[in-house]
Amino acid sequence: MAEHDISAELQRSVQLALANPAGKGLRIRSGNTRGHLLPGDVTDEAIPALDTGRHTGVIHYQPDELVLRARSGTPLAELESLLAEHGQEFAAAIPQPGRASTLGGAIACGWDGPARPYGMSLRDTVLGCRMVNGRGDSVNFGGQVMKNVAGYDLARLQVGALGTLGLLLDVSLRLLPRPEFSVSRVFAVPEQQLPEWWGRTRALRPLLRGTCYLEGLLHLRLCGRERAVKAAMASLGGEESALDWRALGDLRHPFFCTDQLACVNLPPQSAFRPATGSSMVEWEGARVWVRDGDHVQLQQQAREHNGFVEVFRGKAMRLPAPAREWQRRLRNAFDPEGLFNRALYTAHFHGSEADPCR
């Protein structure tokens, strides 16, 4: 694994951008495997790019500690290979839309995979980080141990912030032992019977690692000790599933190949069904993917079910006023000049006054 520490170079680039009175800000990039999954045209080529792709390598890894600290430009695939050598994996399933997907990009986007309801979210796995803020200072948040209660938990604020709060230099993450055995089964299930099945799948925890309902078929994935998994499958029945869980988690499944893609996040065991478009249900009904739907109507439906919409392709939805204000205050604290990823901030956290979903 290549190891290059260019922290000083990156920090200097930020300081130079701050010193330029006519500056247009900075556009953080690295593996560039997630841009096609962000809504709208938020790539402004006129803004200078700050490339973290050369900032790579593992800073600290002791397998018996179940903690890894690595630089933000390190490819996730390389980290996974390293962990596999020691029978370990990330505590959260981290999507990798491409082979070049990096740790920093994963943290910035904050996306979770199919196993999210049955373990940890990506945000929960972050123990600490080091970053360059909008004042050009290198700052540390959190730590490198499982128990860390010193100060505010600011490291986890970077998860899903899309790089609008600062430039990540390195991140510490929790790890877990890899499951001994995994198997998938598929069942033909009428849509009206899904609520009954969600009750049955809850009884399969902690072995359950994924649920996916698509085109009348319910796919279940179980992981754990071989004896326990096989015993559960014997009582559950079903047929062997051909679903590619990795492609599903990495957002490379054919369902995601569309110009209009949204994700509806809902309370557990929801019976939500979109009025337009086609859907795929995950997380025992708590996450519903919708392709080729009306996003404005989808947002209205989601609110009626105490949920919210995250747009992956198409026009971004405007956040409610309280959330926009909260995000603005965070940005002012971390990046008072609005230096980082201005286009992403406007598209995702501020929006247009003409947005019909305001």
# chains A, B, ... in the order shown; residues from 1 in each chain; ligands from 1
call {"tool": "select_by_dssp", "arguments": {"residues": "segment 103-185 of chain A", "states": "strand (DSSP E)", "output": "list of chain:residue names"}}
result
A:Val126, A:Leu127, A:Gly128, A:Cys129, A:Arg130, A:Met131, A:Val132, A:Ser138, A:Val139, A:Asn140, A:Phe141, A:Gly142, A:Leu167, A:Leu168, A:Leu169, A:Asp170, A:Val171, A:Ser172, A:Leu173, A:Arg174, A:Leu175, A:Leu176, A:Pro177, A:Phe181, A:Ser182, A:Val183, A:Ser184, A:Arg185
call {"tool": "select_by_dssp", "arguments": {"residues": "segment 150-332 of chain A", "states": "alpha helix (DSSP H)", "output": "PyMOL selection string"}}
result
chain A and resi 194-202+226-236+245-249+295-304+321-332
call {"tool": "closest_residue", "arguments": {"among": "A:Phe272, A:Phe181, A:Leu10, A:Glu284", "to": "Glu196 of chain A", "atoms": "only C-alpha atoms"}}
result
A:Glu284
call {"tool": "closest_residue", "arguments": {"among": "A:Gly98, A:Pro179, A:Gly134, A:Gly293", "to": "Asp335 of chain A", "atoms": "only C-alpha atoms"}}
result
A:Gly134
call {"tool": "residues_around", "arguments": {"residues": "Gln327 of chain A", "least_positions_apart": "2", "cutoff": "10 Å", "atoms": "only C-alpha atoms", "output": "PyMOL selection string"}}
result
chain A and resi 161+164-165+319+321-325+329-333+345+349-350
call {"tool": "closest_residue", "arguments": {"among": "A:Glu239, A:Asp124, A:Glu337, A:Asp51", "to": "Val186 of chain A", "atoms": "only C-alpha atoms"}}
result
A:Glu239
call {"tool": "closest_residue", "arguments": {"among": "A:Leu217, A:Leu168, A:Cys212, A:Val311", "to": "Thr52 of chain A", "atoms": "only C-alpha atoms"}}
result
A:Leu168
call {"tool": "atom_distance", "arguments": {"atom1": "atom CA of Arg209 of chain A", "atom2": "atom CA of Gly73 of chain A"}}
result
28.2 Å
call {"tool": "atom_distance", "arguments": {"atom1": "atom CA of Ile28 of chain A", "atom2": "atom CA of Glu3 of chain A"}}
result
19.8 Å
call {"tool": "residues_around", "arguments": {"residues": "Arg29 of chain A", "least_positions_apart": "2", "cutoff": "9 Å", "atoms": "only C-alpha atoms", "output": "NGL selection string"}}
result
:A and (27 or 31-32 or 49-53 or 105)
call {"tool": "closest_residue", "arguments": {"among": "A:Leu169, A:Leu243, A:Ile6, A:Val281", "to": "Asn133 of chain A", "atoms": "only C-alpha atoms"}}
result
A:Leu169
call {"tool": "closest_residue", "arguments": {"among": "A:Tyr118, A:Trp283, A:Phe141, A:Tyr61", "to": "Leu79 of chain A", "atoms": "only C-alpha atoms"}}
result
A:Tyr61
call {"tool": "residues_around", "arguments": {"residues": "Pro95 of chain A", "least_positions_apart": "6", "cutoff": "8 Å", "atoms": "only C-alpha atoms", "output": "list in words"}}
result
Ala106, Trp111, Asp112, Gly113, Gly249, Asp250 and Leu251 of chain A
call {"tool": "atom_distance", "arguments": {"atom1": "atom CA of Tyr213 of chain A", "atom2": "atom CA of Leu176 of chain A"}}
result
27.2 Å
call {"tool": "residues_around", "arguments": {"residues": "segment 84-89 of chain A", "least_positions_apart": "5", "cutoff": "6 Å", "atoms": "only C-alpha atoms", "output": "CSV table (one decimal) with C-alpha atoms, in the first residue's frame"}}
result
chain,number,residue,atom,x,y,z
A,175,LEU,CA,-13.4,-2.5,13.2
A,176,LEU,CA,-15.1,-5.9,13.7
A,177,PRO,CA,-14.1,-9.5,13.1
A,178,ARG,CA,-15.3,-10.8,9.7
call {"tool": "residues_around", "arguments": {"residues": "Ala242 of chain A", "least_positions_apart": "4", "cutoff": "9 Å", "atoms": "only C-alpha atoms", "output": "MDAnalysis selection string"}}
result
chainID A and resid 184:186 219
